[in-house]
Amino acid sequence: MSAKTIVRIDQAPARHWVGNGFHVHGMFSYNRNPEDYSPFLMLDYAAPTQFAPNAGKPRGVGEHPHRGFETVTICYSGEVAHRDSSGGGGVIGVGDVQWMTAGSGLVHDEFHSETYSRAGGEFHMVQLWVNLPAKDKMTPPHYQAISTAEIPRVDVNGASVRLIAGQLRQGDSHFSGPANTYTPMNVWDVKLSAHSRISLPQPEGWTTLLLVQGGRLSINGSDTVGKAQLVVLSRSGSALDIHASEDAQCLLLSGEPIQEPVFGYGPFVMNTEQEIRQAFTDFHSGKFGTLPVA
């Protein structure tokens with residue numbers, strides 16, 4: 001099989017605050033060349049940050065709407081409490097994943113949990129926005145709470161892969177992630193010990209991205225990439241070999257591109273300007289529902 005090649009390596013931009021609880025690097029968004037990342041729309045990387053105890057006043061993001069896509073929050077340290085108007089909610093802790101399908105529209109909020117707020121400590125998360133195809137943009141909103149115990153882990157030659165979504169074949173074994181997705185994709189946490197190597201082929205024609213969260217890696221024998229860098233790989237080719245020169249961690253995102261227009265504004269991502277205008281009308285008329293009383 002031919003190898004995927006590196007198209008470019010993007011250094012994490014300066015951090016910005018989302019609310020007062022999420023200090024993130026905006027690695028990419030739908031506002032710039034969305035076709036490069038499809039089916040993914042946005043990636044916010046909350047690199048490890050220390051928060052002081054803040055009893056009684058959790059930091060976070062207050063009530064806000066979404067329509068037309070899904071949000072995926074992966075917790076590496078800290079805790080986040082979530083509520084939404086579709087009835088979804090709960091606390092995601094270390095290793096857990098929150099997969100929220102906004103679909104036709106909802107409102108939600110996200111705050112550091114009360115337990116974490118009282119204790120403080122390290123906070124490390126990723127939030128990914130995943131596009132929905134036109135036929136599914138108005139699907140009823142729903143929520144997948146995925147605990148770390150549900151996520152299979154595959155260990156290979158000093159490396160490990162956590163399958164949040166998608167399929168992985170190793171030898172005669174086949175593994176599947178627990179997340180239900182509307183289009184084919186792989187969302188995998190990958191850890192490698194120093195000097196380990198793993199082969200993780202991705203389908204021909206798929207978008208393939210690697211967010212390096214720690215350590216140093218080479219990909220298909222290419223130049224070394226390191227912490228807080230995003231690697232954009234070619235859609236052509238399928239071979240993907242990762243070698244770690246030191247202990248390393250990365251998030252692998254790959255998926256079948258959605259060949260449709262992307263028209264977004266703030267918290268809404270649709271296919272046309274008219275659909276965005278309708279989203280604002282529907283939100284302001286109360287069609288996205290209300291949050292439960294705290």
# chains A, B, ... in the order shown; residues from 1 in each chain; ligands from 1

$ closest_atom_pairs --of "stretch 116-191 of chain A" --to "stretch 234-257 of chain A" --cutoff "8 Å" --atoms "only C-alpha atoms" --output "Markdown table"
| residue | atom | partner | partner_atom | distance |
| --- | --- | --- | --- | --- |
| A:Thr183 | CA | A:Glu256 | CA | 6.9 |
| A:Pro184 | CA | A:Glu256 | CA | 5.8 |
| A:Met185 | CA | A:Gly255 | CA | 3.9 |
| A:Asn186 | CA | A:Ser254 | CA | 5.1 |
| A:Val187 | CA | A:Leu253 | CA | 4.9 |
| A:Trp188 | CA | A:Leu252 | CA | 5.1 |
| A:Asp189 | CA | A:Leu251 | CA | 4.8 |
| A:Val190 | CA | A:Cys250 | CA | 5.3 |
| A:Lys191 | CA | A:Gln249 | CA | 4.5 |

$ residues_around --residues "A:Thr224" --least-positions-apart "2" --cutoff "12 Å" --atoms "only C-alpha atoms" --output "JSON, numbers by chain"
{"A": [6, 9, 212, 215, 216, 217, 218, 219, 220, 221, 222, 226, 227, 229, 231, 242, 243, 244, 245, 246, 248]}

$ write_last_selection --atoms "N, CA and C atoms" --output "PDB file, in the first residue's frame"
ATOM      1  N   ILE A   6       2.738  13.888   4.411  1.00  0.00           N
ATOM      2  CA  ILE A   6       2.405  15.078   5.184  1.00  0.00           C
ATOM      3  C   ILE A   6       2.153  16.251   4.244  1.00  0.00           C
ATOM      4  N   ILE A   9       2.283  20.872   8.532  1.00  0.00           N
ATOM      5  CA  ILE A   9       2.311  20.762   9.989  1.00  0.00           C
ATOM      6  C   ILE A   9       1.979  22.138  10.545  1.00  0.00           C
ATOM      7  N   VAL A 212      -0.664  16.204  18.030  1.00  0.00           N
ATOM      8  CA  VAL A 212       0.370  15.702  18.928  1.00  0.00           C
ATOM      9  C   VAL A 212       0.237  16.457  20.257  1.00  0.00           C
ATOM     10  N   GLY A 215       5.449  14.604  23.557  1.00  0.00           N
ATOM     11  CA  GLY A 215       6.501  13.781  22.989  1.00  0.00           C
ATOM     12  C   GLY A 215       6.861  14.179  21.571  1.00  0.00           C
ATOM     13  N   ARG A 216       7.597  13.277  20.899  1.00  0.00           N
ATOM     14  CA  ARG A 216       8.033  13.535  19.527  1.00  0.00           C
ATOM     15  C   ARG A 216       7.812  12.287  18.688  1.00  0.00           C
ATOM     16  N   LEU A 217       7.312  12.519  17.464  1.00  0.00           N
ATOM     17  CA  LEU A 217       6.936  11.441  16.557  1.00  0.00           C
ATOM     18  C   LEU A 217       7.509  11.684  15.172  1.00  0.00           C
ATOM     19  N   SER A 218       7.732  10.599  14.442  1.00  0.00           N
ATOM     20  CA  SER A 218       7.909  10.716  12.999  1.00  0.00           C
ATOM     21  C   SER A 218       6.817   9.887  12.338  1.00  0.00           C
ATOM     22  N   ILE A 219       6.352  10.357  11.193  1.00  0.00           N
ATOM     23  CA  ILE A 219       5.221   9.747  10.506  1.00  0.00           C
ATOM     24  C   ILE A 219       5.673   9.314   9.122  1.00  0.00           C
ATOM     25  N   ASN A 220       5.557   8.004   8.875  1.00  0.00           N
ATOM     26  CA  ASN A 220       6.010   7.438   7.599  1.00  0.00           C
ATOM     27  C   ASN A 220       7.441   7.872   7.272  1.00  0.00           C
ATOM     28  N   GLY A 221       8.283   7.897   8.313  1.00  0.00           N
ATOM     29  CA  GLY A 221       9.682   8.211   8.121  1.00  0.00           C
ATOM     30  C   GLY A 221       9.988   9.659   7.834  1.00  0.00           C
ATOM     31  N   SER A 222       9.014  10.540   8.059  1.00  0.00           N
ATOM     32  CA  SER A 222       9.183  11.956   7.732  1.00  0.00           C
ATOM     33  C   SER A 222       9.881  12.683   8.863  1.00  0.00           C
ATOM     34  N   GLY A 226       6.183  17.454  16.991  1.00  0.00           N
ATOM     35  CA  GLY A 226       6.164  17.452  18.444  1.00  0.00           C
ATOM     36  C   GLY A 226       4.935  18.079  19.040  1.00  0.00           C
ATOM     37  N   LYS A 227       5.031  18.355  20.310  1.00  0.00           N
ATOM     38  CA  LYS A 227       3.935  18.812  21.154  1.00  0.00           C
ATOM     39  C   LYS A 227       3.219  20.023  20.572  1.00  0.00           C
ATOM     40  N   GLN A 229       1.343  20.342  17.928  1.00  0.00           N
ATOM     41  CA  GLN A 229       1.349  20.487  16.472  1.00  0.00           C
ATOM     42  C   GLN A 229       0.246  19.615  15.880  1.00  0.00           C
ATOM     43  N   VAL A 231      -0.821  17.664  12.434  1.00  0.00           N
ATOM     44  CA  VAL A 231      -0.307  17.135  11.176  1.00  0.00           C
ATOM     45  C   VAL A 231      -1.490  16.848  10.260  1.00  0.00           C
ATOM     46  N   ILE A 242       3.725   5.228  12.607  1.00  0.00           N
ATOM     47  CA  ILE A 242       4.104   6.244  13.586  1.00  0.00           C
ATOM     48  C   ILE A 242       5.217   5.684  14.459  1.00  0.00           C
ATOM     49  N   HIS A 243       6.295   6.438  14.574  1.00  0.00           N
ATOM     50  CA  HIS A 243       7.432   6.042  15.404  1.00  0.00           C
ATOM     51  C   HIS A 243       7.699   7.138  16.430  1.00  0.00           C
ATOM     52  N   ALA A 244       7.881   6.726  17.676  1.00  0.00           N
ATOM     53  CA  ALA A 244       8.123   7.687  18.755  1.00  0.00           C
ATOM     54  C   ALA A 244       9.584   7.662  19.163  1.00  0.00           C
ATOM     55  N   SER A 245      10.213   8.835  19.183  1.00  0.00           N
ATOM     56  CA  SER A 245      11.589   8.933  19.664  1.00  0.00           C
ATOM     57  C   SER A 245      11.632   9.098  21.183  1.00  0.00           C
ATOM     58  N   GLU A 246      10.503   9.458  21.778  1.00  0.00           N
ATOM     59  CA  GLU A 246      10.335   9.538  23.232  1.00  0.00           C
ATOM     60  C   GLU A 246       8.878   9.261  23.531  1.00  0.00           C
ATOM     61  N   ALA A 248       5.161   9.488  23.880  1.00  0.00           N
ATOM     62  CA  ALA A 248       4.363  10.430  23.091  1.00  0.00           C
ATOM     63  C   ALA A 248       2.882  10.090  23.183  1.00  0.00           C
TER      64      ALA A 248
END

$ select_by_dssp --residues "stretch 71-231 of chain A" --states "alpha helix (DSSP H)" --output "VMD selection string"
chain A and resid 114 to 119

$ write_last_selection --atoms "N, CA, C and O atoms" --output "compact mmCIF listing (two decimals), in the first residue's frame"
# COMPACT_ATOMS: atom_id res chain seq x y z
N GLU A 114 -18.37 20.43 40.21
CA GLU A 114 -18.22 20.96 41.55
C GLU A 114 -17.05 20.30 42.28
O GLU A 114 -16.28 20.96 43.00
N THR A 115 -16.88 18.99 42.08
CA THR A 115 -15.79 18.27 42.75
C THR A 115 -14.44 18.80 42.29
O THR A 115 -13.55 19.10 43.11
N TYR A 116 -14.28 18.95 40.97
CA TYR A 116 -13.01 19.45 40.46
C TYR A 116 -12.79 20.91 40.88
O TYR A 116 -11.68 21.32 41.23
N SER A 117 -13.86 21.71 40.86
CA SER A 117 -13.74 23.12 41.24
C SER A 117 -13.25 23.26 42.69
O SER A 117 -12.43 24.14 42.99
N ARG A 118 -13.73 22.41 43.56
CA ARG A 118 -13.30 22.48 44.97
C ARG A 118 -11.83 22.09 45.12
O ARG A 118 -11.12 22.68 45.92
N ALA A 119 -11.40 21.11 44.32
CA ALA A 119 -10.04 20.59 44.49
C ALA A 119 -9.02 21.34 43.64
O ALA A 119 -7.86 21.48 44.02

$ residues_around --residues "A:Leu168" --least-positions-apart "4" --cutoff "9 Å" --atoms "only C-alpha atoms" --output "list in words"
Val154, Leu163, Ser173, His174, Phe175, Ser176, Gly177, Asn186, Leu200 and Pro201 of chain A

$ write_last_selection --atoms "N, CA, C and O atoms" --output "short mmCIF file (atom, residue, chain, number, x, y, z; two decimals), in the first residue's frame"
data_model
loop_
_atom_site.label_atom_id
_atom_site.label_comp_id
_atom_site.auth_asym_id
_atom_site.auth_seq_id
_atom_site.Cartn_x
_atom_site.Cartn_y
_atom_site.Cartn_z
N VAL A 154 -6.31 -1.17 22.59
CA VAL A 154 -5.53 -2.18 21.88
C VAL A 154 -4.06 -1.87 22.09
O VAL A 154 -3.60 -0.77 21.78
N LEU A 163 -10.01 3.24 21.11
CA LEU A 163 -10.94 3.44 20.00
C LEU A 163 -12.21 4.10 20.52
O LEU A 163 -13.11 3.44 21.04
N SER A 173 -7.69 -9.94 14.72
CA SER A 173 -8.68 -9.35 15.62
C SER A 173 -9.24 -8.05 15.04
O SER A 173 -8.53 -7.30 14.37
N HIS A 174 -10.52 -7.81 15.33
CA HIS A 174 -11.19 -6.60 14.86
C HIS A 174 -11.82 -5.90 16.07
O HIS A 174 -12.51 -6.53 16.87
N PHE A 175 -11.57 -4.60 16.19
CA PHE A 175 -12.06 -3.83 17.32
C PHE A 175 -12.92 -2.67 16.82
O PHE A 175 -12.64 -2.10 15.76
N SER A 176 -13.94 -2.31 17.62
CA SER A 176 -14.85 -1.22 17.26
C SER A 176 -15.00 -0.26 18.43
O SER A 176 -15.13 -0.70 19.59
N GLY A 177 -14.99 1.04 18.13
CA GLY A 177 -15.25 2.04 19.15
C GLY A 177 -16.73 2.13 19.46
O GLY A 177 -17.57 1.81 18.61
N ASN A 186 -12.72 7.55 12.21
CA ASN A 186 -11.94 7.01 13.32
C ASN A 186 -11.54 8.16 14.24
O ASN A 186 -11.02 9.17 13.78
N LEU A 200 -0.92 2.12 11.61
CA LEU A 200 -2.35 2.38 11.73
C LEU A 200 -2.90 2.85 10.38
O LEU A 200 -3.24 4.02 10.20
N PRO A 201 -2.98 1.96 9.40
CA PRO A 201 -3.44 2.39 8.07
C PRO A 201 -4.84 2.99 8.12
O PRO A 201 -5.70 2.54 8.88
#

$ closest_residue --among "A:Thr71, A:Lys57, A:Ile146, A:Tyr76" --to "A:Val97" --atoms "only C-alpha atoms"
A:Ile146

$ closest_residue --among "A:Gly121, A:Leu230, A:Ala55, A:Thr290" --to "A:Met27" --atoms "only C-alpha atoms"
A:Leu230

$ atom_distance --atom1 "atom CA of A:Gly88" --atom2 "atom CA of A:Pro140"
12.3 Å

$ select_by_dssp --residues "stretch 207-272 of chain A" --states "strand (DSSP E or B)" --output "JSON, numbers by chain"
{"A": [207, 208, 209, 210, 211, 212, 213, 214, 216, 217, 218, 219, 224, 225, 226, 229, 230, 231, 232, 233, 239, 241, 242, 243, 244, 248, 249, 250, 251, 252, 253, 254, 255, 263, 264, 265, 268, 269, 270]}

$ write_last_selection --atoms "N, CA and C atoms" --output "mmCIF file, in the first residue's frame"
data_model
loop_
_atom_site.group_PDB
_atom_site.id
_atom_site.type_symbol
_atom_site.label_atom_id
_atom_site.label_comp_id
_atom_site.auth_asym_id
_atom_site.auth_seq_id
_atom_site.Cartn_x
_atom_site.Cartn_y
_atom_site.Cartn_z
ATOM 1 N N THR A 207 -9.815 12.058 4.927
ATOM 2 C CA THR A 207 -9.074 13.065 5.690
ATOM 3 C C THR A 207 -8.388 12.364 6.858
ATOM 4 N N THR A 208 -7.121 12.709 7.104
ATOM 5 C CA THR A 208 -6.397 12.131 8.246
ATOM 6 C C THR A 208 -5.592 13.235 8.928
ATOM 7 N N LEU A 209 -5.804 13.381 10.240
ATOM 8 C CA LEU A 209 -5.172 14.430 11.043
ATOM 9 C C LEU A 209 -4.593 13.801 12.305
ATOM 10 N N LEU A 210 -3.470 14.358 12.769
ATOM 11 C CA LEU A 210 -2.876 13.934 14.033
ATOM 12 C C LEU A 210 -2.613 15.168 14.894
ATOM 13 N N LEU A 211 -3.212 15.223 16.068
ATOM 14 C CA LEU A 211 -2.898 16.255 17.048
ATOM 15 C C LEU A 211 -1.890 15.667 18.023
ATOM 16 N N VAL A 212 -0.664 16.204 18.030
ATOM 17 C CA VAL A 212 0.370 15.702 18.928
ATOM 18 C C VAL A 212 0.237 16.457 20.257
ATOM 19 N N GLN A 213 -0.005 15.706 21.320
ATOM 20 C CA GLN A 213 -0.227 16.312 22.634
ATOM 21 C C GLN A 213 0.999 16.219 23.539
ATOM 22 N N GLY A 214 1.940 15.387 23.173
ATOM 23 C CA GLY A 214 3.156 15.268 23.967
ATOM 24 C C GLY A 214 4.158 14.372 23.284
ATOM 25 N N ARG A 216 7.597 13.277 20.899
ATOM 26 C CA ARG A 216 8.033 13.535 19.527
ATOM 27 C C ARG A 216 7.812 12.287 18.688
ATOM 28 N N LEU A 217 7.312 12.519 17.464
ATOM 29 C CA LEU A 217 6.936 11.441 16.557
ATOM 30 C C LEU A 217 7.509 11.684 15.172
ATOM 31 N N SER A 218 7.732 10.599 14.442
ATOM 32 C CA SER A 218 7.909 10.716 12.999
ATOM 33 C C SER A 218 6.817 9.887 12.338
ATOM 34 N N ILE A 219 6.352 10.357 11.193
ATOM 35 C CA ILE A 219 5.221 9.747 10.506
ATOM 36 C C ILE A 219 5.673 9.314 9.122
ATOM 37 N N THR A 224 10.456 14.918 12.162
ATOM 38 C CA THR A 224 9.858 14.757 13.483
ATOM 39 C C THR A 224 8.859 15.870 13.767
ATOM 40 N N VAL A 225 7.748 15.503 14.401
ATOM 41 C CA VAL A 225 6.756 16.484 14.843
ATOM 42 C C VAL A 225 6.618 16.354 16.348
ATOM 43 N N GLY A 226 6.183 17.454 16.991
ATOM 44 C CA GLY A 226 6.164 17.452 18.444
ATOM 45 C C GLY A 226 4.935 18.079 19.040
ATOM 46 N N GLN A 229 1.343 20.342 17.928
ATOM 47 C CA GLN A 229 1.349 20.487 16.472
ATOM 48 C C GLN A 229 0.246 19.615 15.880
ATOM 49 N N LEU A 230 -0.345 20.104 14.791
ATOM 50 C CA LEU A 230 -1.369 19.364 14.067
ATOM 51 C C LEU A 230 -0.797 18.960 12.715
ATOM 52 N N VAL A 231 -0.821 17.664 12.434
ATOM 53 C CA VAL A 231 -0.307 17.135 11.176
ATOM 54 C C VAL A 231 -1.490 16.848 10.260
ATOM 55 N N VAL A 232 -1.473 17.455 9.081
ATOM 56 C CA VAL A 232 -2.493 17.219 8.064
ATOM 57 C C VAL A 232 -1.873 16.307 7.008
ATOM 58 N N LEU A 233 -2.481 15.133 6.806
ATOM 59 C CA LEU A 233 -1.951 14.136 5.881
ATOM 60 C C LEU A 233 -2.758 14.107 4.600
ATOM 61 N N ALA A 239 -1.166 3.844 3.975
ATOM 62 C CA ALA A 239 -0.236 3.443 5.031
ATOM 63 C C ALA A 239 0.042 4.604 5.977
ATOM 64 N N ASP A 241 2.465 4.875 9.400
ATOM 65 C CA ASP A 241 3.371 4.304 10.392
ATOM 66 C C ASP A 241 3.865 5.425 11.297
ATOM 67 N N ILE A 242 3.725 5.228 12.607
ATOM 68 C CA ILE A 242 4.104 6.244 13.586
ATOM 69 C C ILE A 242 5.217 5.684 14.459
ATOM 70 N N HIS A 243 6.295 6.438 14.574
ATOM 71 C CA HIS A 243 7.432 6.042 15.404
ATOM 72 C C HIS A 243 7.699 7.138 16.430
ATOM 73 N N ALA A 244 7.881 6.726 17.676
ATOM 74 C CA ALA A 244 8.123 7.687 18.755
ATOM 75 C C ALA A 244 9.584 7.662 19.163
ATOM 76 N N ALA A 248 5.161 9.488 23.880
ATOM 77 C CA ALA A 248 4.363 10.430 23.091
ATOM 78 C C ALA A 248 2.882 10.090 23.183
ATOM 79 N N GLN A 249 2.072 11.113 22.921
ATOM 80 C CA GLN A 249 0.621 10.963 22.911
ATOM 81 C C GLN A 249 0.060 11.793 21.768
ATOM 82 N N CYS A 250 -0.912 11.228 21.040
ATOM 83 C CA CYS A 250 -1.560 11.992 19.971
ATOM 84 C C CYS A 250 -3.007 11.547 19.829
ATOM 85 N N LEU A 251 -3.789 12.394 19.191
ATOM 86 C CA LEU A 251 -5.179 12.095 18.853
ATOM 87 C C LEU A 251 -5.249 11.947 17.348
ATOM 88 N N LEU A 252 -5.660 10.772 16.884
ATOM 89 C CA LEU A 252 -5.792 10.515 15.451
ATOM 90 C C LEU A 252 -7.253 10.703 15.040
ATOM 91 N N LEU A 253 -7.470 11.561 14.048
ATOM 92 C CA LEU A 253 -8.798 11.816 13.488
ATOM 93 C C LEU A 253 -8.759 11.487 12.014
ATOM 94 N N SER A 254 -9.610 10.597 11.573
ATOM 95 C CA SER A 254 -9.720 10.352 10.136
ATOM 96 C C SER A 254 -11.180 10.104 9.805
ATOM 97 N N GLY A 255 -11.563 10.501 8.606
ATOM 98 C CA GLY A 255 -12.963 10.342 8.242
ATOM 99 C C GLY A 255 -13.206 10.560 6.772
ATOM 100 N N PHE A 263 -21.610 26.165 5.524
ATOM 101 C CA PHE A 263 -21.935 27.564 5.800
ATOM 102 C C PHE A 263 -22.206 27.659 7.291
ATOM 103 N N GLY A 264 -21.304 28.325 7.988
ATOM 104 C CA GLY A 264 -21.449 28.412 9.426
ATOM 105 C C GLY A 264 -21.409 29.838 9.920
ATOM 106 N N TYR A 265 -22.006 30.049 11.063
ATOM 107 C CA TYR A 265 -21.932 31.336 11.742
ATOM 108 C C TYR A 265 -22.041 31.057 13.228
ATOM 109 N N PHE A 268 -23.766 27.733 14.827
ATOM 110 C CA PHE A 268 -24.570 26.995 13.861
ATOM 111 C C PHE A 268 -23.727 26.686 12.627
ATOM 112 N N VAL A 269 -23.847 25.445 12.115
ATOM 113 C CA VAL A 269 -23.148 25.062 10.886
ATOM 114 C C VAL A 269 -24.129 24.313 10.003
ATOM 115 N N MET A 270 -24.492 24.943 8.884
ATOM 116 C CA MET A 270 -25.449 24.368 7.950
ATOM 117 C C MET A 270 -24.844 24.352 6.553
#

$ decode --residues "stretch 237-247 of chain A" --atoms "all heavy atoms" --output "PDB file, in the first residue's frame"
ATOM      1  N   GLY A 237      -3.259   7.575  -0.611  1.00  0.00           N
ATOM      2  CA  GLY A 237      -2.465   6.647   0.174  1.00  0.00           C
ATOM      3  C   GLY A 237      -3.236   6.126   1.366  1.00  0.00           C
ATOM      4  O   GLY A 237      -4.294   6.652   1.734  1.00  0.00           O
ATOM      5  N   SER A 238      -2.708   5.075   1.995  1.00  0.00           N
ATOM      6  CA  SER A 238      -3.383   4.494   3.155  1.00  0.00           C
ATOM      7  C   SER A 238      -2.430   4.135   4.285  1.00  0.00           C
ATOM      8  O   SER A 238      -2.841   4.127   5.447  1.00  0.00           O
ATOM      9  CB  SER A 238      -4.190   3.251   2.741  1.00  0.00           C
ATOM     10  OG  SER A 238      -3.362   2.310   2.100  1.00  0.00           O
ATOM     11  N   ALA A 239      -1.166   3.844   3.975  1.00  0.00           N
ATOM     12  CA  ALA A 239      -0.236   3.443   5.031  1.00  0.00           C
ATOM     13  C   ALA A 239       0.042   4.604   5.977  1.00  0.00           C
ATOM     14  O   ALA A 239       0.230   5.744   5.548  1.00  0.00           O
ATOM     15  CB  ALA A 239       1.064   2.935   4.414  1.00  0.00           C
ATOM     16  N   LEU A 240       0.045   4.303   7.277  1.00  0.00           N
ATOM     17  CA  LEU A 240       0.356   5.308   8.292  1.00  0.00           C
ATOM     18  C   LEU A 240       1.162   4.623   9.390  1.00  0.00           C
ATOM     19  O   LEU A 240       0.620   3.861  10.197  1.00  0.00           O
ATOM     20  CB  LEU A 240      -0.934   5.909   8.870  1.00  0.00           C
ATOM     21  CG  LEU A 240      -0.748   6.968   9.965  1.00  0.00           C
ATOM     22  CD1 LEU A 240       0.030   8.173   9.441  1.00  0.00           C
ATOM     23  CD2 LEU A 240      -2.104   7.421  10.508  1.00  0.00           C
ATOM     24  N   ASP A 241       2.465   4.875   9.400  1.00  0.00           N
ATOM     25  CA  ASP A 241       3.371   4.304  10.392  1.00  0.00           C
ATOM     26  C   ASP A 241       3.865   5.425  11.297  1.00  0.00           C
ATOM     27  O   ASP A 241       4.366   6.440  10.808  1.00  0.00           O
ATOM     28  CB  ASP A 241       4.554   3.612   9.716  1.00  0.00           C
ATOM     29  CG  ASP A 241       4.120   2.397   8.904  1.00  0.00           C
ATOM     30  OD1 ASP A 241       3.268   1.637   9.399  1.00  0.00           O
ATOM     31  OD2 ASP A 241       4.603   2.232   7.777  1.00  0.00           O
ATOM     32  N   ILE A 242       3.725   5.228  12.607  1.00  0.00           N
ATOM     33  CA  ILE A 242       4.104   6.244  13.586  1.00  0.00           C
ATOM     34  C   ILE A 242       5.217   5.684  14.459  1.00  0.00           C
ATOM     35  O   ILE A 242       5.087   4.582  15.018  1.00  0.00           O
ATOM     36  CB  ILE A 242       2.891   6.648  14.450  1.00  0.00           C
ATOM     37  CG1 ILE A 242       1.723   7.119  13.563  1.00  0.00           C
ATOM     38  CG2 ILE A 242       3.274   7.739  15.432  1.00  0.00           C
ATOM     39  CD1 ILE A 242       0.445   7.378  14.333  1.00  0.00           C
ATOM     40  N   HIS A 243       6.295   6.438  14.574  1.00  0.00           N
ATOM     41  CA  HIS A 243       7.432   6.042  15.404  1.00  0.00           C
ATOM     42  C   HIS A 243       7.699   7.138  16.430  1.00  0.00           C
ATOM     43  O   HIS A 243       7.720   8.327  16.094  1.00  0.00           O
ATOM     44  CB  HIS A 243       8.681   5.826  14.543  1.00  0.00           C
ATOM     45  CG  HIS A 243       9.920   5.552  15.339  1.00  0.00           C
ATOM     46  ND1 HIS A 243      10.898   6.506  15.544  1.00  0.00           N
ATOM     47  CD2 HIS A 243      10.313   4.445  16.010  1.00  0.00           C
ATOM     48  CE1 HIS A 243      11.856   5.984  16.297  1.00  0.00           C
ATOM     49  NE2 HIS A 243      11.533   4.742  16.593  1.00  0.00           N
ATOM     50  N   ALA A 244       7.881   6.726  17.676  1.00  0.00           N
ATOM     51  CA  ALA A 244       8.123   7.687  18.755  1.00  0.00           C
ATOM     52  C   ALA A 244       9.584   7.662  19.163  1.00  0.00           C
ATOM     53  O   ALA A 244      10.134   6.594  19.466  1.00  0.00           O
ATOM     54  CB  ALA A 244       7.243   7.358  19.953  1.00  0.00           C
ATOM     55  N   SER A 245      10.213   8.835  19.183  1.00  0.00           N
ATOM     56  CA  SER A 245      11.589   8.933  19.664  1.00  0.00           C
ATOM     57  C   SER A 245      11.632   9.098  21.183  1.00  0.00           C
ATOM     58  O   SER A 245      12.668   8.922  21.804  1.00  0.00           O
ATOM     59  CB  SER A 245      12.316  10.092  18.983  1.00  0.00           C
ATOM     60  OG  SER A 245      11.615  11.304  19.177  1.00  0.00           O
ATOM     61  N   GLU A 246      10.503   9.458  21.778  1.00  0.00           N
ATOM     62  CA  GLU A 246      10.335   9.538  23.232  1.00  0.00           C
ATOM     63  C   GLU A 246       8.878   9.261  23.531  1.00  0.00           C
ATOM     64  O   GLU A 246       8.053   9.167  22.612  1.00  0.00           O
ATOM     65  CB  GLU A 246      10.743  10.922  23.745  1.00  0.00           C
ATOM     66  CG  GLU A 246       9.968  12.065  23.103  1.00  0.00           C
ATOM     67  CD  GLU A 246      10.512  13.438  23.487  1.00  0.00           C
ATOM     68  OE1 GLU A 246      11.677  13.726  23.176  1.00  0.00           O
ATOM     69  OE2 GLU A 246       9.736  14.207  24.085  1.00  0.00           O
ATOM     70  N   ASP A 247       8.531   9.079  24.798  1.00  0.00           N
ATOM     71  CA  ASP A 247       7.129   8.833  25.149  1.00  0.00           C
ATOM     72  C   ASP A 247       6.255   9.907  24.500  1.00  0.00           C
ATOM     73  O   ASP A 247       6.576  11.103  24.565  1.00  0.00           O
ATOM     74  CB  ASP A 247       6.932   8.869  26.658  1.00  0.00           C
ATOM     75  CG  ASP A 247       7.571   7.683  27.362  1.00  0.00           C
ATOM     76  OD1 ASP A 247       8.044   6.760  26.668  1.00  0.00           O
ATOM     77  OD2 ASP A 247       7.610   7.679  28.610  1.00  0.00           O
TER      78      ASP A 247
END
